[in-house]
>>> print(open('model-v7.pdb').read())   # PDB, C-alpha atoms
ATOM      1  CA  ALA E   1      97.776  97.852  77.752
ATOM      2  CA  THR E   2      99.413  95.859  74.962
ATOM      3  CA  ILE E   3     102.484  97.370  73.376
ATOM      4  CA  GLY E   4     103.209  96.701  69.706
ATOM      5  CA  PRO E   5     106.075  97.513  67.345
ATOM      6  CA  GLU E   6     104.669 100.918  66.375
ATOM      7  CA  LEU E   7     104.234 102.050  69.970
ATOM      8  CA  MET E   8     107.662 100.701  70.904
ATOM      9  CA  ASP E   9     109.283 102.586  68.016
ATOM     10  CA  ALA E  10     107.437 105.759  68.963
ATOM     11  CA  ALA E  11     108.574 105.460  72.588
ATOM     12  CA  LEU E  12     112.205 104.952  71.563
ATOM     13  CA  ASP E  13     111.952 107.921  69.188
ATOM     14  CA  VAL E  14     110.874 110.096  72.104
ATOM     15  CA  ILE E  15     113.918 108.947  74.072
ATOM     16  CA  ARG E  16     116.222 109.676  71.101
ATOM     17  CA  ALA E  17     114.760 113.163  70.712
ATOM     18  CA  GLU E  18     115.209 113.787  74.449
ATOM     19  CA  GLY E  19     118.935 113.040  74.185
ATOM     20  CA  GLY E  20     118.999 109.250  74.471
ATOM     21  CA  GLY E  21     120.237 107.154  77.358
ATOM     22  CA  ALA E  22     119.795 103.783  78.986
ATOM     23  CA  VAL E  23     116.382 102.144  78.561
ATOM     24  CA  ASN E  24     114.968  99.394  80.766
ATOM     25  CA  TRP E  25     111.692  97.825  79.626
ATOM     26  CA  TRP E  26     110.253  95.702  82.422
ATOM     27  CA  VAL E  27     107.781  92.985  81.456
ATOM     28  CA  TYR E  28     105.563  90.960  83.772
ATOM     29  CA  GLU E  29     105.596  87.265  82.825
ATOM     30  CA  PRO E  30     107.505  87.706  79.535
ATOM     31  CA  THR E  31     106.389  85.667  76.531
ATOM     32  CA  THR E  32     107.974  84.840  73.185
ATOM     33  CA  ALA E  33     106.062  87.824  71.771
ATOM     34  CA  HIS E  34     107.734  90.170  74.271
ATOM     35  CA  ARG E  35     111.142  88.735  73.439
ATOM     36  CA  ALA E  36     110.516  89.097  69.696
ATOM     37  CA  LEU E  37     109.434  92.712  70.169
ATOM     38  CA  ALA E  38     112.539  93.450  72.223
ATOM     39  CA  GLU E  39     114.784  91.831  69.632
ATOM     40  CA  ALA E  40     113.147  93.834  66.835
ATOM     41  CA  ALA E  41     113.848  96.999  68.839
ATOM     42  CA  HIS E  42     117.497  95.916  69.302
ATOM     43  CA  MET E  43     117.029  95.459  73.044
ATOM     44  CA  GLU E  44     118.991  92.830  74.962
ATOM     45  CA  PRO E  45     117.798  90.691  77.890
ATOM     46  CA  GLY E  46     118.660  92.327  81.203
ATOM     47  CA  ARG E  47     117.813  91.387  84.766
ATOM     48  CA  THR E  48     115.138  88.879  85.693
ATOM     49  CA  LEU E  49     113.390  89.166  89.053
ATOM     50  CA  TYR E  50     111.420  86.447  90.775
ATOM     51  CA  GLN E  51     108.556  87.270  93.059
ATOM     52  CA  MET E  52     108.560  84.420  95.569
ATOM     53  CA  ARG E  53     105.819  83.663  98.091
ATOM     54  CA  ARG E  54     105.012  81.337 100.951
ATOM     55  CA  SER E  55     102.175  80.911 103.425
ATOM     56  CA  LEU E  56     102.504  81.876 107.079
ATOM     57  CA  PRO E  57     103.242  80.864 109.760
ATOM     58  CA  ALA E  58     106.565  79.326 108.794
ATOM     59  CA  GLU E  59     107.583  75.901 110.047
ATOM     60  CA  ARG E  60     110.689  77.365 111.698
ATOM     61  CA  HIS E  61     111.245  80.450 113.806
ATOM     62  CA  ALA E  62     114.238  82.716 114.229
ATOM     63  CA  THR E  63     116.745  81.684 116.876
ATOM     64  CA  VAL E  64     118.509  85.064 116.964
ATOM     65  CA  GLU E  65     117.258  88.116 118.805
ATOM     66  CA  THR E  66     116.144  91.196 116.889
ATOM     67  CA  ARG E  67     114.805  94.569 117.904
ATOM     68  CA  ALA E  68     112.849  97.309 116.197
ATOM     69  CA  PHE E  69     114.691 100.015 114.271
ATOM     70  CA  VAL E  70     114.884 103.334 116.140
ATOM     71  CA  PRO E  71     114.511 106.334 113.782
ATOM     72  CA  GLY E  72     117.023 109.060 114.471
ATOM     73  CA  THR E  73     119.286 106.689 116.409
ATOM     74  CA  ASP E  74     119.974 103.773 114.065
ATOM     75  CA  ASP E  75     120.078 105.684 110.783
ATOM     76  CA  GLU E  76     123.836 106.027 110.353
ATOM     77  CA  ALA E  77     124.592 102.465 111.508
ATOM     78  CA  TRP E  78     121.955 101.056 109.180
ATOM     79  CA  LEU E  79     123.235 103.149 106.270
ATOM     80  CA  SER E  80     126.754 101.820 106.763
ATOM     81  CA  VAL E  81     125.605  98.174 106.775
ATOM     82  CA  ASN E  82     123.292  98.670 103.810
ATOM     83  CA  ASN E  83     125.914 100.333 101.615
ATOM     84  CA  ARG E  84     128.583  97.778 102.529
ATOM     85  CA  ALA E  85     126.249  94.859 101.852
ATOM     86  CA  PHE E  86     124.988  96.298  98.547
ATOM     87  CA  ALA E  87     128.201  97.894  97.318
ATOM     88  CA  ASP E  88     127.707  96.506  93.798
ATOM     89  CA  HIS E  89     123.904  96.796  93.649
ATOM     90  CA  ALA E  90     122.450  99.380  91.252
ATOM     91  CA  GLU E  91     119.338 100.283  93.268
ATOM     92  CA  GLN E  92     120.030  99.409  96.897
ATOM     93  CA  GLY E  93     123.683 100.454  97.102
ATOM     94  CA  GLY E  94     125.017 103.965  97.516
ATOM     95  CA  TRP E  95     122.099 105.293  99.545
ATOM     96  CA  THR E  96     122.420 108.638 101.271
ATOM     97  CA  LEU E  97     120.826 109.699 104.519
ATOM     98  CA  ASP E  98     118.315 111.745 102.486
ATOM     99  CA  THR E  99     117.356 108.650 100.473
ATOM    100  CA  PHE E 100     116.815 106.676 103.657
ATOM    101  CA  CYS E 101     114.866 109.441 105.371
ATOM    102  CA  SER E 102     112.543 109.730 102.364
ATOM    103  CA  ARG E 103     111.705 106.016 102.703
ATOM    104  CA  GLN E 104     110.847 106.565 106.347
ATOM    105  CA  GLN E 105     108.243 109.140 105.296
ATOM    106  CA  GLU E 106     106.326 106.602 103.209
ATOM    107  CA  ASP E 107     102.868 105.630 104.483
ATOM    108  CA  TRP E 108     103.880 101.975 104.704
ATOM    109  CA  PHE E 109     106.953 102.542 106.881
ATOM    110  CA  ASP E 110     106.737 100.754 110.236
ATOM    111  CA  ALA E 111     109.764 100.823 112.532
ATOM    112  CA  ALA E 112     108.488  97.767 114.414
ATOM    113  CA  GLY E 113     108.689  95.754 111.193
ATOM    114  CA  PHE E 114     112.280  96.865 110.617
ATOM    115  CA  ARG E 115     114.151  94.171 112.534
ATOM    116  CA  MET E 116     117.755  94.850 113.606
ATOM    117  CA  HIS E 117     120.253  92.240 114.812
ATOM    118  CA  GLU E 118     123.330  93.215 116.794
ATOM    119  CA  ILE E 119     126.519  91.351 117.689
ATOM    120  CA  ASP E 120     128.889  92.833 120.273
ATOM    121  CA  GLY E 121     127.197  96.203 120.030
ATOM    122  CA  ARG E 122     127.378  96.383 116.224
ATOM    123  CA  VAL E 123     124.529  96.107 113.734
ATOM    124  CA  ALA E 124     125.320  92.798 112.041
ATOM    125  CA  GLY E 125     122.273  92.685 109.790
ATOM    126  CA  PHE E 126     118.651  93.636 109.342
ATOM    127  CA  CYS E 127     115.373  92.494 107.842
ATOM    128  CA  TRP E 128     113.113  95.338 106.680
ATOM    129  CA  THR E 129     109.506  94.275 106.153
ATOM    130  CA  LYS E 130     106.482  96.060 104.753
ATOM    131  CA  VAL E 131     102.798  95.269 104.432
ATOM    132  CA  HIS E 132     100.718  95.617 101.273
ATOM    133  CA  HIS E 133      97.095  95.987 102.292
ATOM    134  CA  GLU E 134      94.307  94.198 100.468
ATOM    135  CA  GLY E 135      93.406  95.996  97.245
ATOM    136  CA  HIS E 136      97.010  96.897  96.403
ATOM    137  CA  ASP E 137      98.267  96.365  92.863
ATOM    138  CA  MET E 138     100.535  93.328  93.140
ATOM    139  CA  THR E 139      99.574  91.915  89.701
ATOM    140  CA  ASP E 140      97.450  89.358  91.520
ATOM    141  CA  PRO E 141      93.791  90.460  91.589
ATOM    142  CA  ASP E 142      92.703  87.088  92.975
ATOM    143  CA  HIS E 143      94.689  87.413  96.205
ATOM    144  CA  ARG E 144      92.628  88.126  99.292
ATOM    145  CA  GLY E 145      94.010  89.680 102.446
ATOM    146  CA  ASP E 146      97.177  91.589 103.216
ATOM    147  CA  LEU E 147     100.592  90.566 101.891
ATOM    148  CA  GLY E 148     103.727  90.850 103.977
ATOM    149  CA  GLU E 149     106.970  91.564 102.145
ATOM    150  CA  ILE E 150     110.583  90.889 103.037
ATOM    151  CA  TYR E 151     111.498  94.252 101.534
ATOM    152  CA  VAL E 152     115.259  94.466 102.140
ATOM    153  CA  ILE E 153     117.507  92.061 103.992
ATOM    154  CA  ALA E 154     121.265  92.342 104.383
ATOM    155  CA  ILE E 155     124.170  91.126 106.472
ATOM    156  CA  ASP E 156     127.277  93.212 107.115
ATOM    157  CA  PRO E 157     130.157  91.553 105.212
ATOM    158  CA  ASP E 158     132.066  91.239 108.516
ATOM    159  CA  PHE E 159     129.411  88.769 109.709
ATOM    160  CA  HIS E 160     129.005  86.592 106.640
ATOM    161  CA  GLY E 161     129.138  82.819 107.037
ATOM    162  CA  ARG E 162     127.053  82.644 110.226
ATOM    163  CA  GLY E 163     123.702  81.719 108.685
ATOM    164  CA  LEU E 164     122.266  85.143 109.503
ATOM    165  CA  GLY E 165     120.530  85.489 106.138
ATOM    166  CA  SER E 166     118.138  82.651 106.947
ATOM    167  CA  GLU E 167     117.756  83.706 110.563
ATOM    168  CA  LEU E 168     116.868  87.298 109.756
ATOM    169  CA  THR E 169     114.434  86.207 107.044
ATOM    170  CA  LEU E 170     112.741  84.037 109.672
ATOM    171  CA  ALA E 171     112.714  87.006 112.061
ATOM    172  CA  GLY E 172     110.882  89.017 109.417
ATOM    173  CA  LEU E 173     108.410  86.184 108.856
ATOM    174  CA  ASP E 174     107.832  85.895 112.611
ATOM    175  CA  HIS E 175     107.008  89.597 112.774
ATOM    176  CA  LEU E 176     104.600  89.387 109.836
ATOM    177  CA  THR E 177     102.914  86.347 111.379
ATOM    178  CA  ALA E 178     102.477  88.230 114.654
ATOM    179  CA  ARG E 179     100.671  90.947 112.675
ATOM    180  CA  GLY E 180      98.194  88.375 111.389
ATOM    181  CA  ILE E 181      99.599  88.208 107.860
ATOM    182  CA  GLY E 182      98.903  84.903 106.084
ATOM    183  CA  THR E 183     101.150  85.234 103.015
ATOM    184  CA  ALA E 184     104.703  86.534 102.650
ATOM    185  CA  MET E 185     106.478  87.609  99.480
ATOM    186  CA  LEU E 186     109.829  88.933  98.347
ATOM    187  CA  TYR E 187     111.701  89.868  95.185
ATOM    188  CA  VAL E 188     115.051  88.307  94.333
ATOM    189  CA  ASP E 189     117.335  88.481  91.311
ATOM    190  CA  ALA E 190     116.896  85.215  89.423
ATOM    191  CA  ALA E 191     120.650  85.103  88.791
ATOM    192  CA  ASN E 192     121.380  85.091  92.529
ATOM    193  CA  ASP E 193     121.424  81.308  92.872
ATOM    194  CA  THR E 194     122.560  81.402  96.501
ATOM    195  CA  ALA E 195     119.697  83.644  97.621
ATOM    196  CA  VAL E 196     117.079  81.789  95.575
ATOM    197  CA  ALA E 197     118.222  78.490  97.084
ATOM    198  CA  MET E 198     118.085  79.943 100.605
ATOM    199  CA  TYR E 199     114.554  81.206 100.114
ATOM    200  CA  ARG E 200     113.463  77.856  98.710
ATOM    201  CA  ARG E 201     114.829  76.156 101.831
ATOM    202  CA  LEU E 202     112.662  78.545 103.841
ATOM    203  CA  GLY E 203     109.549  77.470 101.963
ATOM    204  CA  PHE E 204     109.299  80.166  99.291
ATOM    205  CA  GLU E 205     108.376  79.274  95.706
ATOM    206  CA  VAL E 206     108.416  81.375  92.544
ATOM    207  CA  HIS E 207     105.053  83.070  92.110
ATOM    208  CA  SER E 208     105.758  85.303  89.104
ATOM    209  CA  THR E 209     108.601  86.608  86.937
ATOM    210  CA  ASN E 210     109.533  90.116  85.810
ATOM    211  CA  ALA E 211     112.160  90.531  83.097
ATOM    212  CA  ALA E 212     113.954  93.620  81.845
ATOM    213  CA  PHE E 213     115.035  94.265  78.270
ATOM    214  CA  VAL E 214     117.701  96.933  77.953
ATOM    215  CA  ALA E 215     119.259  99.167  75.334
ATOM    216  CA  GLU E 216     121.475 102.224  75.124
ATOM    217  CA  ILE E 217     119.678 104.714  72.884
ATOM    218  CA  ASP E 218     121.680 107.347  71.000
ATOM    219  CA  GLY E 219     120.303 110.858  71.102
ATOM    220  CA  ARG E 220     119.476 112.976  68.115
ATOM    221  CA  PRO E 221     118.525 116.634  67.732
ATOM    222  CA  GLY E 222     115.061 117.706  66.822
ATOM    223  CA  PRO E 223     111.586 118.080  68.338
ATOM    224  CA  VAL E 224     109.919 115.297  70.238
ATOM    225  CA  PRO E 225     107.592 113.448  67.825
ATOM    226  CA  ASP E 226     103.910 112.941  68.497
ATOM    227  CA  ARG E 227     103.347 110.074  70.880
ATOM    228  CA  ALA E 228     101.569 107.339  68.941
ATOM    229  CA  GLY E 229      98.605 105.948  70.838
ATOM    230  CA  ALA E 230      98.534 108.704  73.463
ATOM    231  CA  CYS E 231      95.212 109.462  75.095
TER     232      CYS E 231
END
>>> encode(input="model-v7.pdb", output="structure tokens")
Amino acid sequence: ATIGPELMDAALDVIRAEGGGAVNWWVYEPTTAHRALAEAAHMEPGRTLYQMRRSLPAERHATVETRAFVPGTDDEAWLSVNNRAFADHAEQGGWTLDTFCSRQQEDWFDAAGFRMHEIDGRVAGFCWTKVHHEGHDMTDPDHRGDLGEIYVIAIDPDFHGRGLGSELTLAGLDHLTARGIGTAMLYVDAANDTAVAMYRRLGFEVHSTNAAFVAEIDGRPGPVPDRAGAC
């Protein structure tokens, strides 16, 4: 659906009446019209995410050994690595065991696609993959077949500088290839130049862009107004 100034104002009014707070408006393939609408609503540009894709199999293969994640055994070790690696990340950092366990209950969770790499008995990094089956909503109705995703990848800070980011990405791609997947995708913050460059070296290219416009909305007392355009 197309959002216009009236609907945007009505949505922000609802948020004000509910007490206000931080607003993130995510837009797929933002245009000048989206930017003008955000500016009119006093929203600032926030994060930009690239969806990057490449065909499989990859030209290179991982040269490090990985193993499948073992639920109930690896949870605490994985949680420690994840929270250390994403200490400053709004969504991926600060996970609890309950958060992690809830992800393991998702229909798409596959421990075999959750590749763990160890050095001297410690988890040094991981590459967590997932598969989107044909017919999923990936804003690409023309795509045929399943899509494999590099869902989360991280290296423990103690093991930085060893090239493990590339190696574990390749390990994830090898696993997806072995499952018969012909296309891989991932999301990366457009401002993360180091990661974007690494993925480009591994054959990924930008497929689409999602941008967030943000604002801090002050609350106000009163009833929630009618929602303009509601069904």
>>> atom_distance(input="model-v7.pdb", atom1="atom CA of E:Asn82", atom2="atom CA of E:Tyr151")
12.8 Å
>>> resolve_selection(input="model-v7.pdb", expression="the PyMOL selection byres ((chain E and resi 79) around 9)", output="PyMOL selection string")
chain E and resi 74-78+80-84+94-97+100
>>> atom_distance(input="model-v7.pdb", atom1="atom CA of E:Asn24", atom2="atom CA of E:Ala215")
6.9 Å
>>> atom_distance(input="model-v7.pdb", atom1="atom CA of E:Leu186", atom2="atom CA of E:Arg53")
6.6 Å
>>> closest_residue(input="model-v7.pdb", among="E:Asp174, E:Asp156, E:Asp88, E:Glu29", to="E:Phe126", atoms="only C-alpha atoms")
E:Asp156
>>> residues_around(input="model-v7.pdb", residues="stretch 62-67 of chain E", least_positions_apart="6", cutoff="10 Å", atoms="all atoms listed in the file", output="list in words")
Ala111, Ala112, Gly113, Phe114, Arg115, Met116, His117, Glu118, Ile119, Gly125, Phe126, Cys127, Leu164, Ser166, Glu167, Leu168, Thr169, Leu170, Ala171, Gly172, Leu173 and Asp174 of chain E
>>> resolve_selection(input="model-v7.pdb", expression="the PyMOL selection byres ((chain E and resi 44) around 6)", output="list in words")
Met43, Pro45, Phe213 and Val214 of chain E
>>> residues_around(input="model-v7.pdb", residues="E:Asp193", least_positions_apart="6", cutoff="12 Å", atoms="all atoms listed in the file", output="PyMOL selection string")
chain E and resi 49-50+199-200
>>> write_last_selection(input="model-v7.pdb", atoms="C-alpha atoms", output="PDB file, in the frame of the given file")
ATOM      1  CA  LEU E  49     113.390  89.166  89.053  1.00  0.00           C
ATOM      2  CA  TYR E  50     111.420  86.447  90.775  1.00  0.00           C
ATOM      3  CA  TYR E 199     114.554  81.206 100.114  1.00  0.00           C
ATOM      4  CA  ARG E 200     113.463  77.856  98.710  1.00  0.00           C
TER       5      ARG E 200
END
>>> closest_residue(input="model-v7.pdb", among="E:Phe109, E:Met52, E:Ala87, E:Ile15", to="E:Pro71", atoms="all atoms listed in the file")
E:Phe109
>>> residues_near_point(input="model-v7.pdb", point="(104.8, 89.9, 105.3)", cutoff="9 Å", atoms="all atoms listed in the file", output="list in words")
Leu56, Thr129, Lys130, Val131, His132, Asp146, Leu147, Gly148, Glu149, Ile150, Tyr151, Gly172, Leu173, Asp174, His175, Leu176, Thr177, Arg179, Ile181, Gly182, Thr183, Ala184, Met185 and Leu186 of chain E
>>> write_last_selection(input="model-v7.pdb", atoms="C-alpha atoms", output="PDB file, keeping the file's coordinate frame")
ATOM      1  CA  LEU E  56     102.504  81.876 107.079  1.00  0.00           C
ATOM      2  CA  THR E 129     109.506  94.275 106.153  1.00  0.00           C
ATOM      3  CA  LYS E 130     106.482  96.060 104.753  1.00  0.00           C
ATOM      4  CA  VAL E 131     102.798  95.269 104.432  1.00  0.00           C
ATOM      5  CA  HIS E 132     100.718  95.617 101.273  1.00  0.00           C
ATOM      6  CA  ASP E 146      97.177  91.589 103.216  1.00  0.00           C
ATOM      7  CA  LEU E 147     100.592  90.566 101.891  1.00  0.00           C
ATOM      8  CA  GLY E 148     103.727  90.850 103.977  1.00  0.00           C
ATOM      9  CA  GLU E 149     106.970  91.564 102.145  1.00  0.00           C
ATOM     10  CA  ILE E 150     110.583  90.889 103.037  1.00  0.00           C
ATOM     11  CA  TYR E 151     111.498  94.252 101.534  1.00  0.00           C
ATOM     12  CA  GLY E 172     110.882  89.017 109.417  1.00  0.00           C
ATOM     13  CA  LEU E 173     108.410  86.184 108.856  1.00  0.00           C
ATOM     14  CA  ASP E 174     107.832  85.895 112.611  1.00  0.00           C
ATOM     15  CA  HIS E 175     107.008  89.597 112.774  1.00  0.00           C
ATOM     16  CA  LEU E 176     104.600  89.387 109.836  1.00  0.00           C
ATOM     17  CA  THR E 177     102.914  86.347 111.379  1.00  0.00           C
ATOM     18  CA  ARG E 179     100.671  90.947 112.675  1.00  0.00           C
ATOM     19  CA  ILE E 181      99.599  88.208 107.860  1.00  0.00           C
ATOM     20  CA  GLY E 182      98.903  84.903 106.084  1.00  0.00           C
ATOM     21  CA  THR E 183     101.150  85.234 103.015  1.00  0.00           C
ATOM     22  CA  ALA E 184     104.703  86.534 102.650  1.00  0.00           C
ATOM     23  CA  MET E 185     106.478  87.609  99.480  1.00  0.00           C
ATOM     24  CA  LEU E 186     109.829  88.933  98.347  1.00  0.00           C
TER      25      LEU E 186
END
